[in-house]
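What's in entry22.pdb: PDB, C-alpha atoms
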```pdb
ATOM      1  CA  MET A  14     153.726 111.824 138.418
ATOM      2  CA  SER A  15     151.265 114.698 138.234
ATOM      3  CA  ARG A  16     150.446 116.006 141.671
ATOM      4  CA  ALA A  17     147.425 118.012 140.490
ATOM      5  CA  THR A  18     145.854 114.981 138.800
ATOM      6  CA  PHE A  19     146.528 112.804 141.836
ATOM      7  CA  LEU A  20     144.883 115.408 144.087
ATOM      8  CA  ALA A  21     141.893 115.683 141.744
ATOM      9  CA  GLY A  22     141.394 111.931 142.141
ATOM     10  CA  ALA A  23     141.920 112.173 145.884
ATOM     11  CA  LYS A  24     139.262 114.904 146.100
ATOM     12  CA  LYS A  25     136.783 112.744 144.183
ATOM     13  CA  SER A  26     137.399 109.935 146.672
ATOM     14  CA  ILE A  27     136.500 111.939 149.805
ATOM     15  CA  PRO A  28     132.957 110.479 150.011
ATOM     16  CA  ILE A  29     134.463 106.982 149.851
ATOM     17  CA  MET A  30     136.982 107.879 152.585
ATOM     18  CA  LEU A  31     134.085 109.061 154.750
ATOM     19  CA  GLY A  32     132.092 105.968 153.840
ATOM     20  CA  TYR A  33     134.982 103.712 154.881
ATOM     21  CA  THR A  34     135.208 105.396 158.289
ATOM     22  CA  PRO A  35     132.291 103.568 159.973
ATOM     23  CA  LEU A  36     133.067 100.397 158.001
ATOM     24  CA  GLY A  37     136.749 100.442 158.990
ATOM     25  CA  LEU A  38     135.867 101.146 162.618
ATOM     26  CA  ALA A  39     133.349  98.294 162.552
ATOM     27  CA  PHE A  40     135.937  95.936 161.037
ATOM     28  CA  GLY A  41     138.453  96.915 163.727
ATOM     29  CA  VAL A  42     135.908  96.188 166.455
ATOM     30  CA  VAL A  43     135.040  92.778 164.994
ATOM     31  CA  ALA A  44     138.694  91.845 164.367
ATOM     32  CA  ARG A  45     139.609  92.673 167.970
ATOM     33  CA  GLU A  46     136.659  90.608 169.219
ATOM     34  CA  GLN A  47     137.915  87.635 167.188
ATOM     35  CA  GLY A  48     141.414  87.792 168.678
ATOM     36  CA  LEU A  49     143.445  89.997 166.317
ATOM     37  CA  ALA A  50     145.844  92.593 167.719
ATOM     38  CA  VAL A  51     145.403  96.226 166.683
ATOM     39  CA  TRP A  52     148.265  96.148 164.230
ATOM     40  CA  GLN A  53     147.180  92.760 162.825
ATOM     41  CA  ALA A  54     143.790  94.300 161.994
ATOM     42  CA  ALA A  55     145.581  97.207 160.314
ATOM     43  CA  LEU A  56     147.946  94.851 158.449
ATOM     44  CA  MET A  57     145.036  92.823 157.063
ATOM     45  CA  SER A  58     143.394  96.055 155.899
ATOM     46  CA  LEU A  59     146.653  96.942 154.141
ATOM     47  CA  THR A  60     147.148  93.599 152.360
ATOM     48  CA  ALA A  61     143.536  92.575 151.619
ATOM     49  CA  PHE A  62     141.651  95.916 151.319
ATOM     50  CA  SER A  63     138.330  94.110 151.082
ATOM     51  CA  GLY A  64     135.481  94.854 153.492
ATOM     52  CA  SER A  65     133.334  91.802 152.819
ATOM     53  CA  GLY A  66     136.382  89.505 152.554
ATOM     54  CA  GLN A  67     137.909  90.735 155.810
ATOM     55  CA  PHE A  68     134.676  90.548 157.826
ATOM     56  CA  ILE A  69     134.239  86.958 156.657
ATOM     57  CA  ALA A  70     137.903  86.083 157.291
ATOM     58  CA  VAL A  71     138.017  87.321 160.885
ATOM     59  CA  GLY A  72     134.581  85.821 161.577
ATOM     60  CA  MET A  73     135.799  82.420 160.356
ATOM     61  CA  LEU A  74     139.096  82.777 162.276
ATOM     62  CA  GLY A  75     137.111  83.363 165.450
ATOM     63  CA  ALA A  76     134.863  80.396 164.677
ATOM     64  CA  GLY A  77     137.902  78.117 164.344
ATOM     65  CA  PHE A  78     137.893  77.392 160.588
ATOM     66  CA  GLY A  79     141.112  76.271 158.889
ATOM     67  CA  VAL A  80     143.301  78.632 156.874
ATOM     68  CA  SER A  81     142.479  77.064 153.483
ATOM     69  CA  ALA A  82     138.704  77.203 154.090
ATOM     70  CA  ILE A  83     138.977  80.858 155.094
ATOM     71  CA  LEU A  84     141.015  81.792 152.035
ATOM     72  CA  LEU A  85     138.800  79.857 149.620
ATOM     73  CA  THR A  86     135.642  81.519 150.955
ATOM     74  CA  THR A  87     137.239  84.963 150.731
ATOM     75  CA  PHE A  88     138.355  84.249 147.198
ATOM     76  CA  LEU A  89     134.840  83.119 146.170
ATOM     77  CA  VAL A  90     133.158  86.141 147.719
ATOM     78  CA  ASN A  91     135.700  88.375 145.991
ATOM     79  CA  LEU A  92     135.492  86.692 142.586
ATOM     80  CA  ARG A  93     133.724  89.860 141.529
ATOM     81  CA  TYR A  94     137.170  91.518 141.505
ATOM     82  CA  LEU A  95     137.913  89.428 138.403
ATOM     83  CA  LEU A  96     134.940  91.092 136.742
ATOM     84  CA  PHE A  97     135.879  94.574 137.981
ATOM     85  CA  SER A  98     139.441  94.157 136.769
ATOM     86  CA  ALA A  99     138.266  92.877 133.383
ATOM     87  CA  SER A 100     135.785  95.772 133.106
ATOM     88  CA  MET A 101     138.577  98.288 133.631
ATOM     89  CA  ALA A 102     140.867  96.549 131.137
ATOM     90  CA  PRO A 103     139.521  98.257 127.956
ATOM     91  CA  HIS A 104     140.135 101.677 129.562
ATOM     92  CA  VAL A 105     143.698 101.227 130.845
ATOM     93  CA  GLY A 106     145.382  99.989 127.654
ATOM     94  CA  LYS A 107     147.623 103.069 127.552
ATOM     95  CA  LEU A 108     149.037 102.418 131.040
ATOM     96  CA  SER A 109     152.251 100.407 131.434
ATOM     97  CA  THR A 110     151.954  96.866 132.797
ATOM     98  CA  LEU A 111     153.623  98.029 136.024
ATOM     99  CA  ALA A 112     151.164 100.914 136.390
ATOM    100  CA  GLN A 113     148.269  98.524 135.728
ATOM    101  CA  SER A 114     149.487  96.103 138.397
ATOM    102  CA  ILE A 115     149.717  98.966 140.878
ATOM    103  CA  VAL A 116     146.325 100.566 140.214
ATOM    104  CA  ALA A 117     144.745  97.063 140.270
ATOM    105  CA  PHE A 118     145.735  96.711 143.935
ATOM    106  CA  GLY A 119     143.288  99.441 144.925
ATOM    107  CA  ILE A 120     140.167  98.062 143.209
ATOM    108  CA  THR A 121     137.185  97.830 145.558
ATOM    109  CA  ASP A 122     133.429  97.986 144.914
ATOM    110  CA  GLU A 123     133.540 101.714 145.577
ATOM    111  CA  THR A 124     136.794 102.835 143.916
ATOM    112  CA  PHE A 125     135.903 100.709 140.884
ATOM    113  CA  THR A 126     132.505 102.380 140.510
ATOM    114  CA  LEU A 127     134.016 105.848 140.904
ATOM    115  CA  ASN A 128     136.828 105.173 138.433
ATOM    116  CA  MET A 129     134.458 103.661 135.866
ATOM    117  CA  SER A 130     132.084 106.631 136.071
ATOM    118  CA  GLY A 131     135.053 108.868 135.202
ATOM    119  CA  PHE A 132     136.048 106.798 132.140
ATOM    120  CA  ASP A 133     132.820 107.888 130.384
ATOM    121  CA  ARG A 134     134.078 111.456 130.202
ATOM    122  CA  GLN A 135     137.867 111.205 129.950
ATOM    123  CA  ALA A 136     140.609 108.668 129.258
ATOM    124  CA  ALA A 137     141.950 106.650 132.187
ATOM    125  CA  ASP A 138     144.829 108.449 133.914
ATOM    126  CA  ARG A 139     147.285 106.627 136.178
ATOM    127  CA  ASP A 140     147.682 109.417 138.711
ATOM    128  CA  PHE A 141     143.950 110.113 138.907
ATOM    129  CA  ILE A 142     143.188 106.427 139.564
ATOM    130  CA  LEU A 143     145.943 106.335 142.200
ATOM    131  CA  GLY A 144     144.369 109.356 143.915
ATOM    132  CA  VAL A 145     140.965 107.684 143.871
ATOM    133  CA  ASN A 146     142.392 104.396 145.224
ATOM    134  CA  ILE A 147     145.027 105.372 147.782
ATOM    135  CA  CYS A 148     143.088 107.813 149.998
ATOM    136  CA  PRO A 149     140.200 105.401 150.728
ATOM    137  CA  HIS A 150     142.801 102.675 151.364
ATOM    138  CA  LEU A 151     144.546 104.869 153.962
ATOM    139  CA  SER A 152     141.179 105.683 155.539
ATOM    140  CA  TRP A 153     140.372 101.957 155.630
ATOM    141  CA  ILE A 154     143.696 101.066 157.347
ATOM    142  CA  ILE A 155     143.618 103.910 159.873
ATOM    143  CA  ASN A 156     139.993 103.338 160.849
ATOM    144  CA  SER A 157     140.535  99.575 161.168
ATOM    145  CA  ALA A 158     143.322 100.288 163.650
ATOM    146  CA  LEU A 159     141.222 102.901 165.481
ATOM    147  CA  GLY A 160     138.254 100.544 165.647
ATOM    148  CA  ALA A 161     140.404  97.763 167.057
ATOM    149  CA  ALA A 162     141.993 100.133 169.566
ATOM    150  CA  VAL A 163     138.926 101.920 170.911
ATOM    151  CA  GLY A 164     136.027  99.781 169.668
ATOM    152  CA  SER A 165     136.217  97.361 172.531
ATOM    153  CA  MET A 166     135.347 100.295 174.819
ATOM    154  CA  ILE A 167     132.047 101.080 173.012
ATOM    155  CA  PRO A 168     129.341  98.606 174.023
ATOM    156  CA  ASP A 169     126.918  97.442 171.277
ATOM    157  CA  ILE A 170     128.212  99.598 168.417
ATOM    158  CA  ASN A 171     125.392  98.436 166.086
ATOM    159  CA  ARG A 172     122.939 100.482 168.142
ATOM    160  CA  TYR A 173     124.235 103.476 166.186
ATOM    161  CA  GLY A 174     123.208 102.022 162.828
ATOM    162  CA  VAL A 175     126.722 100.795 161.926
ATOM    163  CA  ASN A 176     125.181  97.502 160.762
ATOM    164  CA  PHE A 177     123.478  99.392 157.924
ATOM    165  CA  ALA A 178     126.638 101.179 156.723
ATOM    166  CA  LEU A 179     127.487  98.490 154.154
ATOM    167  CA  PRO A 180     123.965  98.170 152.608
ATOM    168  CA  ALA A 181     123.602 101.985 152.493
ATOM    169  CA  MET A 182     126.902 102.280 150.667
ATOM    170  CA  PHE A 183     125.804  99.647 148.129
ATOM    171  CA  ILE A 184     122.482 101.484 147.588
ATOM    172  CA  ALA A 185     124.297 104.736 146.768
ATOM    173  CA  LEU A 186     126.770 102.997 144.447
ATOM    174  CA  LEU A 187     123.993 101.144 142.649
ATOM    175  CA  VAL A 188     121.953 104.312 142.089
ATOM    176  CA  MET A 189     125.068 105.982 140.632
ATOM    177  CA  GLN A 190     125.346 103.098 138.148
ATOM    178  CA  ILE A 191     121.798 103.323 136.765
ATOM    179  CA  LYS A 192     122.224 105.238 133.509
ATOM    180  CA  ASP A 193     119.378 103.754 131.436
ATOM    181  CA  ARG A 194     116.473 101.332 131.631
ATOM    182  CA  ILE A 195     118.507  98.300 130.573
ATOM    183  CA  THR A 196     120.995  98.879 133.420
ATOM    184  CA  LEU A 197     118.084  99.213 135.853
ATOM    185  CA  ALA A 198     116.605  95.958 134.548
ATOM    186  CA  VAL A 199     119.978  94.206 134.898
ATOM    187  CA  ALA A 200     120.324  95.363 138.527
ATOM    188  CA  VAL A 201     116.790  94.256 139.468
ATOM    189  CA  ILE A 202     117.097  90.880 137.698
ATOM    190  CA  SER A 203     120.484  90.312 139.336
ATOM    191  CA  GLY A 204     119.069  91.110 142.784
ATOM    192  CA  LEU A 205     116.168  88.695 142.325
ATOM    193  CA  ILE A 206     118.348  85.870 140.997
ATOM    194  CA  SER A 207     120.911  86.440 143.744
ATOM    195  CA  THR A 208     118.242  86.322 146.463
ATOM    196  CA  GLY A 209     116.753  83.176 144.926
ATOM    197  CA  ILE A 210     120.112  81.393 144.849
ATOM    198  CA  ALA A 211     121.047  82.643 148.337
ATOM    199  CA  LEU A 212     117.861  81.049 149.686
ATOM    200  CA  LEU A 213     118.893  77.685 148.227
ATOM    201  CA  THR A 214     122.663  77.703 148.891
ATOM    202  CA  THR A 215     125.002  78.850 151.651
ATOM    203  CA  ASN A 216     128.400  78.862 149.947
ATOM    204  CA  GLY A 217     128.420  82.466 148.746
ATOM    205  CA  SER A 218     128.096  81.516 145.059
ATOM    206  CA  HIS A 219     124.934  83.603 144.587
ATOM    207  CA  ILE A 220     126.767  86.873 143.897
ATOM    208  CA  ILE A 221     128.931  85.641 141.047
ATOM    209  CA  ALA A 222     126.172  83.450 139.514
ATOM    210  CA  ALA A 223     123.577  86.241 139.523
ATOM    211  CA  THR A 224     126.105  88.729 138.114
ATOM    212  CA  VAL A 225     127.025  86.492 135.173
ATOM    213  CA  ILE A 226     123.374  85.686 134.324
ATOM    214  CA  ALA A 227     122.092  89.272 134.675
ATOM    215  CA  ALA A 228     124.960  90.848 132.686
ATOM    216  CA  THR A 229     124.327  88.294 129.898
ATOM    217  CA  ILE A 230     120.625  89.224 129.863
ATOM    218  CA  GLY A 231     121.734  92.865 129.572
ATOM    219  CA  VAL A 232     123.807  92.085 126.462
ATOM    220  CA  ILE A 233     120.832  90.269 124.903
ATOM    221  CA  LEU A 234     118.625  93.309 125.621
ATOM    222  CA  CYS A 235     121.268  95.585 123.998
ATOM    223  CA  GLN A 236     121.334  93.429 120.882
ATOM    224  CA  CYS A 237     117.512  93.411 120.667
ATOM    225  CA  ARG A 238     117.447  97.205 120.948
ATOM    226  CA  GLN A 239     120.112  97.538 118.249
ATOM    227  CA  LYS A 240     118.132  95.279 115.880
ATOM    228  CA  SER A 241     114.871  97.164 116.475
ATOM    229  CA  THR A 242     116.487 100.539 115.741
ATOM    230  CA  SER A 243     118.538  99.477 112.677
TER     231      SER A 243
ATOM    232  CA  MET B 255     148.980  75.346 164.510
ATOM    233  CA  SER B 256     148.917  78.239 166.969
ATOM    234  CA  MET B 257     146.333  80.998 166.626
ATOM    235  CA  GLN B 258     149.085  83.532 165.927
ATOM    236  CA  THR B 259     150.531  81.448 163.062
ATOM    237  CA  LYS B 260     147.019  81.091 161.652
ATOM    238  CA  ILE B 261     146.385  84.833 161.794
ATOM    239  CA  TYR B 262     149.615  85.549 159.896
ATOM    240  CA  LEU B 263     148.917  82.861 157.285
ATOM    241  CA  VAL B 264     145.426  84.290 156.726
ATOM    242  CA  ILE B 265     146.773  87.845 156.413
ATOM    243  CA  LEU B 266     149.386  86.687 153.891
ATOM    244  CA  GLY B 267     146.876  84.512 152.014
ATOM    245  CA  MET B 268     144.335  87.331 151.941
ATOM    246  CA  TRP B 269     146.872  89.417 150.068
ATOM    247  CA  ALA B 270     147.133  86.775 147.312
ATOM    248  CA  ALA B 271     143.420  85.883 147.301
ATOM    249  CA  ASN B 272     142.463  89.527 146.911
ATOM    250  CA  TYR B 273     145.249  90.885 144.721
ATOM    251  CA  LEU B 274     145.547  88.284 141.960
ATOM    252  CA  PRO B 275     141.877  88.466 140.823
ATOM    253  CA  ARG B 276     142.209  92.261 140.766
ATOM    254  CA  MET B 277     145.423  92.330 138.770
ATOM    255  CA  LEU B 278     145.482  89.448 136.247
ATOM    256  CA  PRO B 279     142.374  90.259 134.138
ATOM    257  CA  MET B 280     143.381  93.917 133.787
ATOM    258  CA  VAL B 281     146.957  93.220 132.793
ATOM    259  CA  VAL B 282     146.041  90.442 130.328
ATOM    260  CA  LEU B 283     142.804  91.742 128.780
ATOM    261  CA  SER B 284     144.039  95.321 128.264
ATOM    262  CA  LYS B 285     146.487  93.970 125.690
ATOM    263  CA  LEU B 286     143.717  92.509 123.527
ATOM    264  CA  LYS B 287     141.060  94.058 121.285
ATOM    265  CA  ILE B 288     137.762  93.324 122.992
ATOM    266  CA  PRO B 289     134.563  92.729 120.916
ATOM    267  CA  GLN B 290     131.549  95.011 121.474
ATOM    268  CA  PRO B 291     129.214  92.470 123.183
ATOM    269  CA  VAL B 292     131.974  91.699 125.697
ATOM    270  CA  ILE B 293     132.369  95.429 126.412
ATOM    271  CA  TRP B 294     128.598  95.698 126.954
ATOM    272  CA  TRP B 295     128.723  92.665 129.224
ATOM    273  CA  LEU B 296     131.566  94.099 131.292
ATOM    274  CA  GLY B 297     129.729  97.428 131.479
ATOM    275  CA  PHE B 298     126.746  95.715 133.122
ATOM    276  CA  VAL B 299     128.917  94.021 135.752
ATOM    277  CA  PRO B 300     128.918  96.853 138.318
ATOM    278  CA  ALA B 301     125.117  97.244 138.372
ATOM    279  CA  ALA B 302     124.653  93.469 138.358
ATOM    280  CA  VAL B 303     127.128  92.781 141.141
ATOM    281  CA  LEU B 304     125.799  95.598 143.334
ATOM    282  CA  GLY B 305     122.218  94.343 142.852
ATOM    283  CA  ALA B 306     123.371  90.808 143.631
ATOM    284  CA  ILE B 307     125.063  91.866 146.891
ATOM    285  CA  LEU B 308     122.402  94.331 147.977
ATOM    286  CA  ALA B 309     119.147  92.406 147.465
ATOM    287  CA  PRO B 310     119.926  89.422 149.736
ATOM    288  CA  SER B 311     121.503  91.690 152.370
ATOM    289  CA  ILE B 312     118.254  93.644 152.817
ATOM    290  CA  LEU B 313     115.642  91.001 151.883
ATOM    291  CA  MET B 314     117.128  88.200 154.003
ATOM    292  CA  PRO B 315     119.304  89.728 156.744
ATOM    293  CA  ASP B 316     119.010  86.599 158.899
ATOM    294  CA  LYS B 317     119.430  84.192 155.964
ATOM    295  CA  THR B 318     115.663  83.701 155.577
ATOM    296  CA  LEU B 319     113.414  85.799 153.340
ATOM    297  CA  LEU B 320     111.649  88.514 155.378
ATOM    298  CA  ILE B 321     109.482  90.950 153.405
ATOM    299  CA  SER B 322     107.786  92.778 156.267
ATOM    300  CA  TRP B 323     107.723  95.963 158.335
ATOM    301  CA  HIS B 324     109.632  93.982 160.960
ATOM    302  CA  ASN B 325     112.662  93.742 158.663
ATOM    303  CA  ASN B 326     114.727  96.763 159.758
ATOM    304  CA  TYR B 327     117.114  96.390 156.813
ATOM    305  CA  LEU B 328     114.286  96.563 154.290
ATOM    306  CA  VAL B 329     112.649  99.546 156.020
ATOM    307  CA  ALA B 330     115.943 101.468 156.399
ATOM    308  CA  ALA B 331     116.646 100.876 152.697
ATOM    309  CA  VAL B 332     113.656 103.058 151.742
ATOM    310  CA  PRO B 333     114.974 106.407 153.056
ATOM    311  CA  ALA B 334     118.497 105.462 151.923
ATOM    312  CA  LEU B 335     117.221 104.781 148.391
ATOM    313  CA  LEU B 336     115.203 108.020 148.261
ATOM    314  CA  VAL B 337     118.202 110.072 149.424
ATOM    315  CA  ALA B 338     120.484 108.256 146.972
ATOM    316  CA  VAL B 339     118.184 109.005 144.015
ATOM    317  CA  LYS B 340     117.710 112.610 145.110
ATOM    318  CA  THR B 341     121.341 113.500 146.020
ATOM    319  CA  ARG B 342     123.450 110.832 144.226
ATOM    320  CA  SER B 343     125.756 111.251 147.239
ATOM    321  CA  LEU B 344     127.510 108.434 149.111
ATOM    322  CA  VAL B 345     127.783 110.398 152.331
ATOM    323  CA  TRP B 346     124.150 111.544 152.553
ATOM    324  CA  THR B 347     122.903 108.075 151.666
ATOM    325  CA  LEU B 348     125.138 106.554 154.322
ATOM    326  CA  LEU B 349     123.936 109.037 156.946
ATOM    327  CA  ALA B 350     120.250 108.600 156.028
ATOM    328  CA  GLY B 351     120.532 104.803 156.114
ATOM    329  CA  MET B 352     122.454 104.633 159.392
ATOM    330  CA  LEU B 353     120.149 107.178 161.056
ATOM    331  CA  ALA B 354     117.071 105.212 159.940
ATOM    332  CA  MET B 355     118.618 101.992 161.250
ATOM    333  CA  ALA B 356     119.599 103.587 164.564
ATOM    334  CA  LEU B 357     116.021 104.892 165.032
ATOM    335  CA  LEU B 358     114.484 101.532 164.095
ATOM    336  CA  GLN B 359     116.677  99.780 166.673
ATOM    337  CA  TYR B 360     116.131 102.427 169.347
TER     338      TYR B 360
END
```

Take the structure in this file and express it as structure tokens.
Amino acid sequence: MSRATFLAGAKKSIPIMLGYTPLGLAFGVVAREQGLAVWQAALMSLTAFSGSGQFIAVGMLGAGFGVSAILLTTFLVNLRYLLFSASMAPHVGKLSTLAQSIVAFGITDETFTLNMSGFDRQAADRDFILGVNICPHLSWIINSALGAAVGSMIPDINRYGVNFALPAMFIALLVMQIKDRITLAVAVISGLISTGIALLTTNGSHIIAATVIAATIGVILCQCRQKSTS
Amino acid sequence: MSMQTKIYLVILGMWAANYLPRMLPMVVLSKLKIPQPVIWWLGFVPAAVLGAILAPSILMPDKTLLISWHNNYLVAAVPALLVAVKTRSLVWTLLAGMLAMALLQY
């Protein structure tokens, strides 16, 4: 275990830790409102580590849905983790299976994007990925607990713009992903398809469907470009 | 089933529902040689998935399409996007977006 490499990853993850602060606090507030104890909110943040999944889960718990319906919805919304995990696969071939199963635990929208942006420049390193993953996870757990503990004392927390924390984070992550015109096209097409499907359905399938279609269009565009240049 | 039992079952289930899709593809696919088009495809996933999450969340915050100055999410996205392009920083984008939203709701 290289401490320096771990710390380098941890340093890179500071913006994500800060980004998770309002989100974690907001989750804690919502979880408490829906009947979870402080440490139950923290425990869910430890085991699930999924903002969108956890907000949906506690919302459905509060609304009286059954356990299987809650878990299925969470799974569907988080199907994108399959894609994230598969995207990282070509880069982590040198890691042991045990190391892979450990770094996989910390994959989120944000840590995934940060890790992937690093793979362009250098080979995947276990300790670096752990640094990137673990610090935001700790921030997520601690702030969930804090939010649950003190959030109920702050009336109308959304007045402070907390409701825009998640979209703002996605905007920043998306901009960091746009490396060329094809990637930009893929993102725009995906957004349009996703919005179209979301208007017609309510089961949360729009994210995965739009992602699959738009990424496929991206591959077709790549192949066209390769043919026109060769 | 009591509410407490339900909460614990959900917490336990959330671990499985969130961990397995993160772990299995990485562990299995990293052992195979992956063809170039598949690598391209996987490379587009982050941009595609972020676009797919973001667009509905700002274009239809109340589950119906609202392209208007009255849509706070759409309006707050403008300064957030400008700051993101200019700084490429998570923190500044987050602050710009939340500040814009707080002012719009004031």

TODO: Pick out the chain A residues within 6 Å of chain B. Count all atoms listed in the file. Give them as a PyMOL selection string.
DONE: chain A and resi 28+57+60-61+88+94-95+98-100+102-103+106+114+117-118+172-174+177+181-182+185+187+190+199-200+203-204+207-208+220+224+228+232

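CA of Gly32 in chain A lies 19.5 Å from CA of Phe141 in chain A.
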
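CA of Leu38 in chain A is positioned 18.7 Å from CA of Leu74 in chain A.
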
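CA of Leu56 in chain A is found 14.6 Å from CA of Val43 in chain A.
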
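Run against this file, the PyMOL selection byres ((chain A and resi 86) around 10) gives back Gly66, Ile69, Ala70, Met73, Ser81, Ala82, Ile83, Leu84, Leu85, Thr87, Phe88, Leu89, Val90, Asn91, Leu92, Asn216, Gly217 and Ser218 of chain A; Ala271 of chain B.
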
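The shortest atom-to-atom distance to Ala21 in chain A, with only C-alpha atoms taken into account, belongs to A:Asn146 out of A:Ser58, A:Gln67, A:Asn146, A:Gln53.
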
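Residue selection for this entry, given the PyMOL selection byres ((chain A and resi 119) around 9), comprises Phe62, Ile115, Val116, Ala117, Phe118, Ile120, Thr121, Thr124, Phe125, Ile142, Leu143, Val145, Asn146, Ile147, Pro149 and His150 of chain A; Tyr273 and Arg276 of chain B.
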